[in-house]
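The next block is query-v4.txt, given as compact mmCIF, C-alpha atoms.
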# COMPACT_ATOMS: atom_id res chain seq x y z
CA MET A 1 38.48 54.24 -4.18
CA ALA A 2 36.52 52.92 -7.15
CA ASP A 3 36.83 49.27 -8.12
CA VAL A 4 38.88 49.14 -11.34
CA SER A 5 39.03 45.34 -11.69
CA PRO A 6 37.75 44.17 -15.08
CA PRO A 7 34.31 42.56 -15.08
CA ILE A 8 34.11 38.80 -15.47
CA SER A 9 32.50 38.08 -18.82
CA THR A 10 29.72 35.51 -18.84
CA GLY A 11 28.16 36.47 -22.14
CA PRO A 12 27.41 34.22 -25.11
CA LEU A 13 30.89 34.75 -26.61
CA ALA A 14 32.63 33.69 -23.39
CA LYS A 15 30.45 30.59 -23.11
CA ARG A 16 31.16 29.71 -26.72
CA GLU A 17 34.89 30.09 -26.11
CA ALA A 18 34.63 27.88 -23.02
CA ARG A 19 32.81 25.18 -24.98
CA LEU A 20 35.43 25.38 -27.72
CA ALA A 21 38.25 25.09 -25.18
CA TRP A 22 36.69 22.06 -23.54
CA GLY A 23 36.09 20.52 -26.96
CA LEU A 24 39.76 20.94 -27.85
CA LEU A 25 40.86 19.54 -24.50
CA PHE A 26 38.53 16.55 -24.60
CA PRO A 27 40.84 14.28 -26.71
CA THR A 28 43.72 14.97 -24.30
CA ILE A 29 41.55 14.36 -21.23
CA ALA A 30 40.18 11.15 -22.74
CA ALA A 31 43.67 9.92 -23.64
CA VAL A 32 44.95 10.62 -20.11
CA ALA A 33 41.95 8.83 -18.62
CA LEU A 34 42.46 5.78 -20.81
CA VAL A 35 46.24 5.59 -20.40
CA VAL A 36 46.69 6.66 -16.77
CA VAL A 37 43.49 6.90 -14.76
CA LEU A 38 41.74 3.69 -15.80
CA PRO A 39 44.74 1.39 -15.18
CA LEU A 40 45.31 3.13 -11.84
CA LEU A 41 41.69 2.55 -10.84
CA ALA A 42 42.01 -1.07 -11.95
CA ILE A 43 45.03 -1.55 -9.67
CA PHE A 44 43.12 -0.08 -6.71
CA TRP A 45 40.18 -2.37 -7.49
CA ILE A 46 42.32 -5.52 -7.73
CA SER A 47 44.22 -4.66 -4.54
CA VAL A 48 41.07 -5.30 -2.46
CA LYS A 49 40.06 -8.47 -4.32
CA PRO A 50 41.08 -12.03 -3.34
CA VAL A 51 42.34 -12.69 -6.86
CA GLU A 52 45.14 -14.98 -7.96
CA LEU A 53 46.73 -15.42 -11.36
CA GLY A 54 44.41 -18.28 -12.26
CA ASP A 55 41.35 -16.17 -11.44
CA LEU A 56 41.99 -13.71 -14.25
CA ARG A 57 40.11 -16.12 -16.50
CA ALA A 58 36.47 -16.58 -15.55
CA PRO A 59 35.34 -20.15 -14.69
CA GLU A 60 34.07 -22.02 -17.73
CA VAL A 61 33.01 -25.46 -18.87
CA VAL A 62 35.90 -27.26 -20.56
CA LEU A 63 34.63 -29.78 -23.12
CA ARG A 64 36.34 -32.54 -25.10
CA GLU A 65 34.31 -34.71 -27.50
CA ASP A 66 35.27 -37.97 -29.22
CA ILE A 67 33.91 -41.39 -30.16
CA ARG A 68 35.05 -44.56 -28.43
CA GLY A 69 34.78 -48.20 -29.53
CA ASP A 70 35.06 -50.36 -32.69
CA TYR A 71 32.97 -48.72 -35.38
CA GLU A 72 34.54 -49.83 -38.63
CA ALA A 73 31.46 -51.53 -40.13
CA VAL A 74 27.70 -51.08 -40.19
CA GLY A 75 26.10 -52.39 -37.02
CA ASP A 76 29.13 -51.80 -34.81
CA LYS A 77 28.50 -50.30 -31.41
CA ALA A 78 30.33 -47.24 -30.07
CA ASN A 79 29.98 -44.44 -27.53
CA ILE A 80 30.05 -40.71 -28.07
CA ARG A 81 32.03 -39.41 -25.11
CA TYR A 82 31.83 -35.89 -23.70
CA ARG A 83 34.55 -35.11 -21.18
CA LEU A 84 33.50 -32.08 -19.17
CA ARG A 85 35.02 -30.26 -16.22
CA ASN A 86 34.83 -27.00 -14.31
CA SER A 87 37.99 -24.99 -15.09
CA SER A 88 37.94 -23.39 -11.62
CA GLN A 89 38.93 -25.12 -8.40
CA GLU A 90 37.22 -22.44 -6.30
CA GLN A 91 34.17 -21.10 -8.15
CA PRO A 92 31.01 -23.11 -8.98
CA ILE A 93 29.18 -22.96 -12.31
CA LYS A 94 25.38 -22.90 -12.28
CA GLY A 95 22.91 -24.02 -14.94
CA VAL A 96 25.35 -25.98 -17.12
CA THR A 97 23.87 -27.10 -20.46
CA LEU A 98 25.28 -29.06 -23.38
CA THR A 99 24.11 -28.78 -26.98
CA ASP A 100 25.39 -30.85 -29.90
CA THR A 101 24.37 -32.04 -33.35
CA LEU A 102 25.06 -35.73 -33.83
CA PRO A 103 26.48 -36.91 -37.15
CA GLU A 104 24.08 -38.55 -39.56
CA GLY A 105 24.24 -42.33 -39.43
CA LEU A 106 24.76 -42.74 -35.69
CA ARG A 107 21.62 -44.22 -34.09
CA VAL A 108 21.33 -43.51 -30.38
CA THR A 109 20.47 -46.64 -28.37
CA GLY A 110 20.53 -45.11 -24.90
CA LEU A 111 20.30 -41.67 -23.41
CA ASP A 112 21.21 -40.05 -20.12
CA GLU A 113 18.14 -38.97 -18.16
CA ARG A 114 19.36 -35.36 -18.23
CA CYS A 115 19.47 -35.31 -22.03
CA VAL A 116 16.82 -34.92 -24.73
CA LEU A 117 17.29 -35.95 -28.36
CA ASP A 118 15.28 -34.12 -31.01
CA GLY A 119 16.17 -35.61 -34.37
CA ARG A 120 19.94 -35.26 -34.43
CA SER A 121 19.97 -32.36 -31.95
CA LEU A 122 21.15 -33.32 -28.45
CA ASN A 123 20.33 -31.09 -25.48
CA CYS A 124 21.47 -31.86 -21.94
CA ASP A 125 20.73 -30.00 -18.70
CA LEU A 126 23.64 -30.89 -16.42
CA GLY A 127 22.62 -28.72 -13.46
CA ASP A 128 24.97 -26.93 -11.08
CA TRP A 129 28.63 -27.84 -10.79
CA GLU A 130 30.86 -27.57 -7.76
CA PRO A 131 34.42 -26.22 -8.08
CA GLY A 132 36.70 -28.70 -9.85
CA PHE A 133 33.76 -30.89 -10.96
CA ARG A 134 34.50 -33.49 -13.69
CA GLU A 135 32.22 -35.80 -15.65
CA ASN A 136 32.30 -38.19 -18.59
CA LEU A 137 28.95 -38.25 -20.40
CA MET A 138 28.53 -41.35 -22.60
CA ILE A 139 25.95 -41.66 -25.41
CA PRO A 140 25.77 -45.24 -26.80
CA VAL A 141 25.20 -45.42 -30.56
CA VAL A 142 25.08 -47.93 -33.42
CA VAL A 143 26.88 -47.26 -36.67
CA GLU A 144 24.70 -47.13 -39.81
CA GLN A 145 25.62 -47.00 -43.51
CA ALA A 146 25.23 -43.21 -43.77
CA TYR A 147 27.94 -42.68 -41.15
CA VAL A 148 30.36 -44.94 -43.00
CA ASP A 149 29.63 -43.23 -46.32
CA LEU A 150 30.00 -39.67 -45.04
CA GLY A 151 33.18 -40.31 -43.03
CA LEU A 152 32.29 -37.70 -40.39
CA ARG A 153 33.19 -37.73 -36.72
CA PRO A 154 31.19 -36.37 -33.76
CA GLN A 155 33.84 -33.71 -33.10
CA ASP A 156 33.43 -32.39 -36.65
CA SER A 157 30.30 -30.57 -35.40
CA PRO A 158 31.59 -28.91 -32.20
CA ALA A 159 29.37 -29.09 -29.15
CA SER A 160 28.56 -25.95 -27.17
CA THR A 161 28.06 -25.40 -23.45
CA THR A 162 26.55 -22.66 -21.33
CA GLY A 163 26.70 -21.83 -17.63
CA GLN A 164 26.74 -18.98 -15.16
CA SER A 165 29.61 -18.32 -12.79
CA SER A 166 30.85 -15.56 -10.52
CA ASN A 167 34.06 -13.80 -11.57
CA VAL A 168 36.19 -12.70 -8.62
CA LEU A 169 37.26 -9.62 -10.58
CA THR A 170 33.71 -8.33 -11.04
CA ASN A 171 31.80 -9.61 -8.02
CA THR A 172 31.22 -7.73 -4.77
CA THR A 173 33.70 -9.74 -2.67
CA PHE A 174 36.29 -7.43 -1.11
CA THR A 175 39.06 -8.05 1.38
CA LEU A 176 41.92 -6.30 3.12
CA ASP A 177 43.91 -9.52 3.43
CA ASN A 178 46.23 -8.41 0.62
CA PHE A 179 47.38 -5.38 2.60
CA ALA A 180 47.53 -7.37 5.84
CA ARG A 181 49.73 -9.90 4.11
CA ILE A 182 52.29 -7.42 2.79
CA PHE A 183 52.43 -5.43 6.06
CA ASN A 184 52.76 -8.53 8.21
CA GLY A 185 56.13 -9.08 9.87
CA ASP A 186 59.47 -7.39 9.33
CA GLU A 187 59.73 -8.27 5.65
CA PHE A 188 57.91 -5.16 4.45
CA VAL A 189 60.07 -2.87 6.61
CA GLU A 190 63.22 -4.43 5.17
CA VAL A 191 61.96 -4.07 1.59
CA LEU A 192 60.95 -0.45 2.22
CA LEU A 193 64.35 0.42 3.71
CA VAL A 194 66.14 -1.19 0.76
CA THR A 195 63.94 0.79 -1.62
CA LEU A 196 64.65 4.06 0.19
CA PHE A 197 68.40 3.41 0.26
CA TYR A 198 68.45 2.55 -3.43
CA THR A 199 66.26 5.53 -4.36
CA VAL A 200 67.81 8.25 -2.20
CA PHE A 201 71.46 7.42 -2.82
CA GLY A 202 70.84 6.56 -6.47
CA THR A 203 69.08 9.87 -7.04
CA ILE A 204 71.57 12.04 -5.15
CA GLY A 205 74.51 10.20 -6.71
CA ALA A 206 73.18 10.66 -10.24
CA LEU A 207 72.71 14.38 -9.60
CA LEU A 208 76.18 14.86 -8.11
CA VAL A 209 77.95 12.92 -10.87
CA GLY A 210 75.89 14.75 -13.49
CA LEU A 211 76.81 18.09 -11.90
CA PHE A 212 80.51 17.16 -11.87
CA ALA A 213 80.36 16.08 -15.53
CA ALA A 214 78.61 19.31 -16.47
CA LEU A 215 81.31 21.35 -14.74
CA LEU A 216 83.98 19.50 -16.72
CA LEU A 217 82.30 20.16 -20.06
CA ASN A 218 81.11 23.69 -19.40
CA LYS A 219 84.22 25.06 -21.13
CA SER A 220 84.96 24.73 -24.83
CA PHE A 221 87.95 22.59 -25.73
CA LYS A 222 89.07 20.26 -28.49
CA GLY A 223 87.23 16.92 -28.46
CA GLN A 224 84.36 18.26 -26.37
CA GLY A 225 81.73 16.72 -28.67
CA ILE A 226 83.30 13.26 -28.51
CA LEU A 227 83.44 13.40 -24.72
CA ARG A 228 79.78 14.42 -24.54
CA GLY A 229 78.89 11.44 -26.68
CA LEU A 230 80.81 9.12 -24.38
CA TYR A 231 79.05 10.58 -21.37
CA LEU A 232 75.67 9.75 -22.95
CA PHE A 233 76.56 6.11 -23.64
CA PRO A 234 75.32 4.65 -20.30
CA TYR A 235 71.90 6.26 -20.77
CA VAL A 236 71.31 5.41 -24.44
CA ALA A 237 72.76 1.87 -24.36
CA PRO A 238 70.23 -1.00 -24.01
CA VAL A 239 69.77 -1.81 -20.35
CA ILE A 240 70.03 -5.56 -20.90
CA ALA A 241 73.39 -5.11 -22.66
CA VAL A 242 74.99 -2.91 -19.99
CA ALA A 243 73.54 -5.03 -17.16
CA PHE A 244 75.11 -8.21 -18.50
CA ALA A 245 78.34 -6.32 -19.19
CA TRP A 246 78.49 -5.38 -15.50
CA LEU A 247 77.70 -8.96 -14.47
CA ILE A 248 80.55 -10.26 -16.63
CA LEU A 249 82.93 -7.54 -15.45
CA PHE A 250 82.29 -8.25 -11.75
CA ASP A 251 81.87 -12.02 -12.03
CA PRO A 252 83.55 -13.71 -9.02
CA PHE A 253 85.14 -16.43 -11.19
CA SER A 254 86.08 -14.82 -14.50
CA GLY A 255 85.46 -11.10 -14.03
CA SER A 256 88.17 -8.57 -14.84
CA ALA A 257 87.48 -6.59 -11.66
CA ASN A 258 88.23 -9.57 -9.40
CA ALA A 259 91.32 -10.51 -11.41
CA LEU A 260 92.67 -6.96 -11.03
CA LEU A 261 91.97 -6.84 -7.29
CA LEU A 262 93.64 -10.20 -6.74
CA GLN A 263 96.74 -9.23 -8.71
CA MET A 264 97.04 -5.93 -6.83
CA GLY A 265 96.74 -7.73 -3.53
CA VAL A 266 93.68 -5.75 -2.46
CA THR A 267 91.85 -8.98 -1.62
CA SER A 268 92.97 -12.55 -1.06
CA GLU A 269 89.86 -14.16 -2.57
CA ALA A 270 87.30 -13.33 -5.22
CA ILE A 271 84.44 -11.05 -4.24
CA ASN A 272 80.86 -11.86 -5.21
CA PHE A 273 79.82 -8.29 -5.90
CA PHE A 274 76.20 -9.09 -6.80
CA GLY A 275 75.70 -12.02 -4.42
CA GLU A 276 76.68 -10.78 -0.96
CA ARG A 277 74.98 -8.47 1.51
CA PRO A 278 75.28 -5.47 1.67
CA LEU A 279 77.66 -5.26 -1.29
CA ALA A 280 74.98 -6.26 -3.79
CA LEU A 281 72.77 -3.31 -2.79
CA ILE A 282 75.71 -0.92 -3.04
CA MET A 283 76.58 -2.28 -6.50
CA VAL A 284 73.06 -1.91 -7.91
CA THR A 285 72.97 1.64 -6.51
CA VAL A 286 76.30 2.43 -8.19
CA PHE A 287 74.92 0.97 -11.41
CA GLU A 288 71.88 3.25 -11.08
CA ILE A 289 74.15 6.29 -10.62
CA TRP A 290 76.36 5.33 -13.57
CA ARG A 291 73.46 4.60 -15.90
CA TYR A 292 71.33 7.69 -15.25
CA PHE A 293 73.79 10.49 -14.50
CA PRO A 294 73.84 11.52 -18.24
CA LEU A 295 70.25 12.77 -17.96
CA SER A 296 71.19 15.08 -15.08
CA PHE A 297 74.36 16.05 -16.95
CA LEU A 298 72.41 17.24 -20.02
CA PHE A 299 69.93 19.36 -18.06
CA ILE A 300 72.53 20.87 -15.75
CA LEU A 301 74.92 21.67 -18.60
CA ALA A 302 72.12 23.36 -20.56
CA ARG A 303 71.28 25.50 -17.53
CA MET A 304 74.94 26.37 -16.91
CA GLN A 305 75.45 27.56 -20.45
CA SER A 306 72.47 29.91 -20.11
CA ILE A 307 74.00 31.74 -17.12
CA ASP A 308 75.37 35.18 -17.99
CA SER A 309 79.18 35.02 -18.07
CA ASP A 310 79.47 38.67 -16.97
CA MET A 311 78.84 37.62 -13.36
CA TYR A 312 81.81 35.27 -13.42
CA GLU A 313 84.05 37.90 -14.99
CA ALA A 314 83.09 40.43 -12.29
CA ALA A 315 83.63 37.86 -9.54
CA ASP A 316 87.01 36.92 -11.02
CA MET A 317 88.06 40.58 -11.03
CA ASP A 318 87.02 40.82 -7.36
CA GLY A 319 89.32 37.92 -6.54
CA ALA A 320 86.71 35.21 -6.00
CA SER A 321 88.11 31.69 -6.15
CA PRO A 322 86.63 29.08 -8.56
CA PHE A 323 84.89 27.37 -5.64
CA GLN A 324 83.40 30.66 -4.45
CA GLN A 325 82.17 31.40 -7.98
CA PHE A 326 80.57 27.98 -8.15
CA TRP A 327 78.99 28.11 -4.70
CA TYR A 328 77.72 31.70 -4.71
CA LEU A 329 76.97 32.18 -8.41
CA SER A 330 76.35 28.79 -10.05
CA VAL A 331 74.52 26.92 -7.30
CA PRO A 332 71.74 29.53 -6.80
CA GLN A 333 71.16 29.51 -10.57
CA LEU A 334 71.04 25.70 -10.63
CA LEU A 335 68.69 25.14 -7.69
CA GLY A 336 65.62 25.16 -9.91
CA ILE A 337 66.80 22.52 -12.35
CA LEU A 338 68.32 20.46 -9.53
CA SER A 339 64.98 20.45 -7.71
CA VAL A 340 63.12 19.29 -10.81
CA LEU A 341 65.69 16.62 -11.54
CA PHE A 342 65.62 15.37 -7.95
CA LEU A 343 61.83 15.05 -8.04
CA LEU A 344 61.80 13.22 -11.39
CA ARG A 345 64.74 10.97 -10.65
CA PHE A 346 63.35 10.06 -7.22
CA ILE A 347 60.05 8.98 -8.75
CA TRP A 348 61.70 7.08 -11.61
CA THR A 349 64.23 5.35 -9.35
CA PHE A 350 61.56 4.43 -6.81
CA ASN A 351 59.68 2.72 -9.65
CA LYS A 352 62.78 1.08 -11.16
CA PHE A 353 62.47 -2.66 -11.71
CA ASP A 354 64.44 -3.85 -14.74
CA ASP A 355 67.91 -2.83 -13.53
CA ILE A 356 67.72 -4.69 -10.22
CA PHE A 357 65.94 -7.68 -11.73
CA LEU A 358 68.61 -8.09 -14.41
CA LEU A 359 71.51 -7.68 -12.00
CA THR A 360 70.40 -9.67 -8.95
CA GLY A 361 66.81 -10.77 -9.43
CA GLY A 362 66.04 -9.14 -6.08
CA ASN A 363 68.37 -11.50 -4.18
CA ALA A 364 71.17 -10.70 -1.70
CA GLY A 365 69.25 -7.89 0.00
CA THR A 366 68.26 -5.99 -3.18
CA ARG A 367 64.55 -6.71 -3.07
CA THR A 368 62.73 -3.42 -3.62
CA LEU A 369 59.00 -2.71 -3.66
CA THR A 370 58.80 -3.01 -7.45
CA VAL A 371 60.53 -6.41 -7.32
CA ASN A 372 58.07 -7.35 -4.59
CA VAL A 373 55.19 -6.51 -6.94
CA TYR A 374 56.58 -8.95 -9.50
CA GLU A 375 57.18 -11.69 -6.95
CA GLN A 376 53.73 -11.39 -5.38
CA ALA A 377 51.86 -11.20 -8.68
CA PHE A 378 53.74 -13.71 -10.81
CA ALA A 379 56.17 -15.75 -8.71
CA ILE A 380 53.50 -16.84 -6.21
CA SER A 381 50.53 -15.98 -8.49
CA ASN A 382 48.85 -13.60 -6.03
CA ILE A 383 47.65 -10.76 -8.25
CA GLY A 384 45.78 -9.06 -5.40
CA ALA A 385 48.86 -8.85 -3.17
CA GLY A 386 50.94 -7.55 -6.09
CA ALA A 387 48.35 -4.84 -6.74
CA ALA A 388 48.36 -3.98 -3.02
CA VAL A 389 52.13 -3.42 -3.12
CA ALA A 390 51.64 -1.23 -6.22
CA VAL A 391 49.08 0.83 -4.28
CA VAL A 392 51.63 1.24 -1.47
CA ILE A 393 54.18 2.47 -4.02
CA PHE A 394 51.65 4.96 -5.37
CA GLY A 395 50.89 6.19 -1.86
CA CYS A 396 54.58 6.63 -1.01
CA LEU A 397 55.28 8.59 -4.19
CA LEU A 398 52.16 10.71 -3.78
CA ALA A 399 53.12 11.62 -0.20
CA PHE A 400 56.69 12.40 -1.26
CA SER A 401 55.55 14.57 -4.19
CA ILE A 402 53.13 16.57 -2.04
CA PHE A 403 55.78 17.07 0.65
CA PHE A 404 58.43 18.02 -1.89
CA LEU A 405 56.26 20.48 -3.82
CA LYS A 406 54.98 22.06 -0.61
CA TYR A 407 58.39 22.85 0.84
CA ILE A 408 60.27 23.82 -2.33
CA SER A 409 59.91 27.52 -3.09
CA ARG A 410 58.77 28.79 -6.46
CA GLU A 411 62.07 30.62 -6.89
CA GLU A 412 63.74 27.25 -7.18
CA GLY A 413 61.83 26.38 -10.31
CA LEU A 414 58.73 24.66 -8.96

Would you mind giving the structure from this file in structure tokens?
Amino acid sequence: MADVSPPISTGPLAKREARLAWGLLFPTIAAVALVVVLPLLAIFWISVKPVELGDLRAPEVVLREDIRGDYEAVGDKANIRYRLRNSSQEQPIKGVTLTDTLPEGLRVTGLDERCVLDGRSLNCDLGDWEPGFRENLMIPVVVEQAYVDLGLRPQDSPASTTGQSSNVLTNTTFTLDNFARIFNGDEFVEVLLVTLFYTVFGTIGALLVGLFAALLLNKSFKGQGILRGLYLFPYVAPVIAVAFAWLILFDPFSGSANALLLQMGVTSEAINFFGERPLALIMVTVFEIWRYFPLSFLFILARMQSIDSDMYEAADMDGASPFQQFWYLSVPQLLGILSVLFLLRFIWTFNKFDDIFLLTGGNAGTRTLTVNVYEQAFAISNIGAGAAVAVVIFGCLLAFSIFFLKYISREEGL
């Protein structure tokens, strides 16, 4: 049988079209690289660097200049003082120099052996500095008439310094201590289990509540639009507002929930919903379900309303119950959108930080990996360890996404 497949064109027109396509795609590729790829590479780079919060600023010479002594009249003696220090407690600075222009009318009577005075230009070679080095450099002077007449001060002509130092962010020092630190002991396992509990049950709960809400509003009735708007409130409301509303509602001292439970006799004492294990974790998971079920509700409802109603009419004529219609007709049609929503909500919930931080601050057994990133990077000022936890989060989500996409069939929407 003859080969009837069309030939692959590699002529000048095809090459021109390819160049045009790449030219049109270049702004998008560049934007993705700048917004996504470069920060991701930076996180990987920092995760293997022994960098703390104070190391983000390169070591430098800190200089303060003033004049000391009684210098109110001509002939008075004073000292020009340069207070210098190394801003880093860990990194040295090599080849430190000081350059300044002295005010007119100040006659230098003594000079440090490391300094040279050329007219009014002062140049000092201060050598290499150890970490945390401090020095007060004094230049004795005598006040002359020109200084009194001009009314200038030494700091009116700012001095400048130079020096070379190694920046921990750009040098070739690498370490795996950041990963060893976060994997050491049982703390990481506990944080990972809390994250998985919060993510899995928060994701599944949001999907189930969204599905139930979509089933309720899949029929037309009076007031349907108002009810849809109310369903969307948790998702569109500011997170800081709804988080503090929940904290006030479930407050153990003045919350309405505790007052109601006490009056009904359900409990004999107030319950600290966001301060006790494991109740705090359950509460933040319920908050996650309540806040994000409207997104699932919108997508599922849109998919339901696109299903042909003839199938339901035929099933109803055949005597199928509402549950049978839902299970055998609706669910197969919804598997695609449910799969996509599960994947997206899993990733978003796994990365969620603000909800838990506002509700509990990561206390009472609610410390997730994202909260751990914040604590490592900013609470204890270990940027490298925080970046290492972020790399672990990336690895977990990448493994989950590959596994999920590999075992979900294309018929289900992926």

Discussion item. Report, in Å to a single decimal, how far apart CA of Gly386 in chain A and CA of Leu53 in chain A are.
Written reply: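 Between CA of Leu53 in chain A and CA of Gly386 in chain A the gap works out to 10.4 Å.
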
Per residue of range 173-215 of chain A within 12 Å of range 223-239 of chain A, note the shortest atom pair and the distance in Å to one decimal, counting all atoms listed in the file, and order the rows by chain and increasing residue number, as JSON lines.
{"residue": "A:Ala206", "atom": "CA", "partner": "A:Tyr235", "partner_atom": "CA", "distance": 11.5}
{"residue": "A:Val209", "atom": "CA", "partner": "A:Tyr231", "partner_atom": "CA", "distance": 10.8}
{"residue": "A:Gly210", "atom": "CA", "partner": "A:Tyr231", "partner_atom": "CA", "distance": 9.5}
{"residue": "A:Phe212", "atom": "CA", "partner": "A:Tyr231", "partner_atom": "CA", "distance": 11.6}
{"residue": "A:Ala213", "atom": "CA", "partner": "A:Tyr231", "partner_atom": "CA", "distance": 8.1}
{"residue": "A:Ala214", "atom": "CA", "partner": "A:Arg228", "partner_atom": "CA", "distance": 9.5}

Worksheet entry | Counting all atoms listed in the file, the option among A:Leu335, A:Ile67, A:Ala180, A:Val168 closest to Trp45 in chain A | A:Val168

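Going from CA of Asn178 in chain A over to CA of Lys352 in chain A, you cover 22.4 Å.
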
Item to complete: Compute the distance from (45.0, -0.5, -5.8) to each atom, counting all atoms listed in the file, keep the residues with any atom at most 9 Å away, and return them as a list of chain:residue names; use the coordinates of the file.
Response: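 Checked against the point, the hits come out as A:Leu40, A:Leu41, A:Ala42, A:Ile43, A:Phe44, A:Trp45, A:Ile46, A:Ser47, A:Val48, A:Gly384, A:Ala387, A:Ala388, A:Val389, A:Ala390, A:Val391, A:Val392, A:Phe394.
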
Worksheet item: Do you have the CA of Asp76 in chain A-CA of Thr99 in chain A distance handy?
Response: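 Between CA of Asp76 in chain A and CA of Thr99 in chain A the gap is 24.8 Å.
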
Fill in: Residue nearest Arg81 in chain A among A:Ala385, A:Pro131, A:Leu217, A:Asp100 (counting all atoms listed in the file)
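Counting all atoms listed in the file, the residue closest to Arg81 in chain A is A:Asp100.
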
Item to complete: May I have the residues within 10 Å of range 361-364 of chain A as a PyMOL selection string, using all atoms listed in the file and disregarding those fewer than 3 positions away in the same chain?
Response: chain A and resi 273-281+353-358+367-372+375

Worksheet entry | A:Thr195, A:Gln263, A:Asn79, A:Thr203 ranked by distance to Ile393 in chain A, top pick (using only C-alpha atoms) | A:Thr195

With N, CA and C atoms retained, output range 301-319 of chain A as a PDB file, in the first residue's frame.
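Output saved as selection34.pdb:
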ATOM      1  N   LEU A 301     -21.923  23.544  38.943  1.00  0.00           N
ATOM      2  CA  LEU A 301     -23.240  23.981  38.483  1.00  0.00           C
ATOM      3  C   LEU A 301     -23.232  24.285  36.989  1.00  0.00           C
ATOM      4  N   ALA A 302     -22.160  24.934  36.519  1.00  0.00           N
ATOM      5  CA  ALA A 302     -22.062  25.216  35.083  1.00  0.00           C
ATOM      6  C   ALA A 302     -22.028  23.928  34.270  1.00  0.00           C
ATOM      7  N   ARG A 303     -21.321  22.927  34.769  1.00  0.00           N
ATOM      8  CA  ARG A 303     -21.261  21.646  34.049  1.00  0.00           C
ATOM      9  C   ARG A 303     -22.600  20.933  34.115  1.00  0.00           C
ATOM     10  N   MET A 304     -23.291  20.982  35.234  1.00  0.00           N
ATOM     11  CA  MET A 304     -24.597  20.337  35.350  1.00  0.00           C
ATOM     12  C   MET A 304     -25.602  20.913  34.374  1.00  0.00           C
ATOM     13  N   GLN A 305     -25.592  22.227  34.238  1.00  0.00           N
ATOM     14  CA  GLN A 305     -26.568  22.874  33.375  1.00  0.00           C
ATOM     15  C   GLN A 305     -26.289  22.655  31.891  1.00  0.00           C
ATOM     16  N   SER A 306     -25.102  22.119  31.586  1.00  0.00           N
ATOM     17  CA  SER A 306     -24.797  21.805  30.183  1.00  0.00           C
ATOM     18  C   SER A 306     -25.147  20.366  29.817  1.00  0.00           C
ATOM     19  N   ILE A 307     -25.570  19.552  30.803  1.00  0.00           N
ATOM     20  CA  ILE A 307     -25.950  18.167  30.524  1.00  0.00           C
ATOM     21  C   ILE A 307     -27.335  18.147  29.881  1.00  0.00           C
ATOM     22  N   ASP A 308     -27.476  17.341  28.848  1.00  0.00           N
ATOM     23  CA  ASP A 308     -28.746  17.231  28.130  1.00  0.00           C
ATOM     24  C   ASP A 308     -29.829  16.685  29.063  1.00  0.00           C
ATOM     25  N   SER A 309     -30.930  17.401  29.168  1.00  0.00           N
ATOM     26  CA  SER A 309     -32.019  17.001  30.069  1.00  0.00           C
ATOM     27  C   SER A 309     -32.803  15.804  29.538  1.00  0.00           C
ATOM     28  N   ASP A 310     -32.639  15.473  28.257  1.00  0.00           N
ATOM     29  CA  ASP A 310     -33.379  14.330  27.691  1.00  0.00           C
ATOM     30  C   ASP A 310     -33.003  13.031  28.403  1.00  0.00           C
ATOM     31  N   MET A 311     -31.750  12.902  28.830  1.00  0.00           N
ATOM     32  CA  MET A 311     -31.334  11.673  29.514  1.00  0.00           C
ATOM     33  C   MET A 311     -32.102  11.497  30.823  1.00  0.00           C
ATOM     34  N   TYR A 312     -32.300  12.592  31.545  1.00  0.00           N
ATOM     35  CA  TYR A 312     -33.009  12.506  32.812  1.00  0.00           C
ATOM     36  C   TYR A 312     -34.495  12.198  32.594  1.00  0.00           C
ATOM     37  N   GLU A 313     -35.059  12.758  31.526  1.00  0.00           N
ATOM     38  CA  GLU A 313     -36.457  12.479  31.226  1.00  0.00           C
ATOM     39  C   GLU A 313     -36.652  11.010  30.866  1.00  0.00           C
ATOM     40  N   ALA A 314     -35.716  10.451  30.071  1.00  0.00           N
ATOM     41  CA  ALA A 314     -35.807   9.032  29.707  1.00  0.00           C
ATOM     42  C   ALA A 314     -35.618   8.146  30.941  1.00  0.00           C
ATOM     43  N   ALA A 315     -34.662   8.503  31.798  1.00  0.00           N
ATOM     44  CA  ALA A 315     -34.444   7.713  33.008  1.00  0.00           C
ATOM     45  C   ALA A 315     -35.642   7.792  33.942  1.00  0.00           C
ATOM     46  N   ASP A 316     -36.293   8.968  34.003  1.00  0.00           N
ATOM     47  CA  ASP A 316     -37.464   9.115  34.860  1.00  0.00           C
ATOM     48  C   ASP A 316     -38.617   8.257  34.349  1.00  0.00           C
ATOM     49  N   MET A 317     -38.762   8.195  33.026  1.00  0.00           N
ATOM     50  CA  MET A 317     -39.810   7.347  32.442  1.00  0.00           C
ATOM     51  C   MET A 317     -39.538   5.871  32.690  1.00  0.00           C
ATOM     52  N   ASP A 318     -38.257   5.492  32.789  1.00  0.00           N
ATOM     53  CA  ASP A 318     -37.898   4.101  33.052  1.00  0.00           C
ATOM     54  C   ASP A 318     -37.977   3.754  34.528  1.00  0.00           C
ATOM     55  N   GLY A 319     -38.333   4.731  35.358  1.00  0.00           N
ATOM     56  CA  GLY A 319     -38.512   4.465  36.780  1.00  0.00           C
ATOM     57  C   GLY A 319     -37.266   4.613  37.618  1.00  0.00           C
TER      58      GLY A 319
END
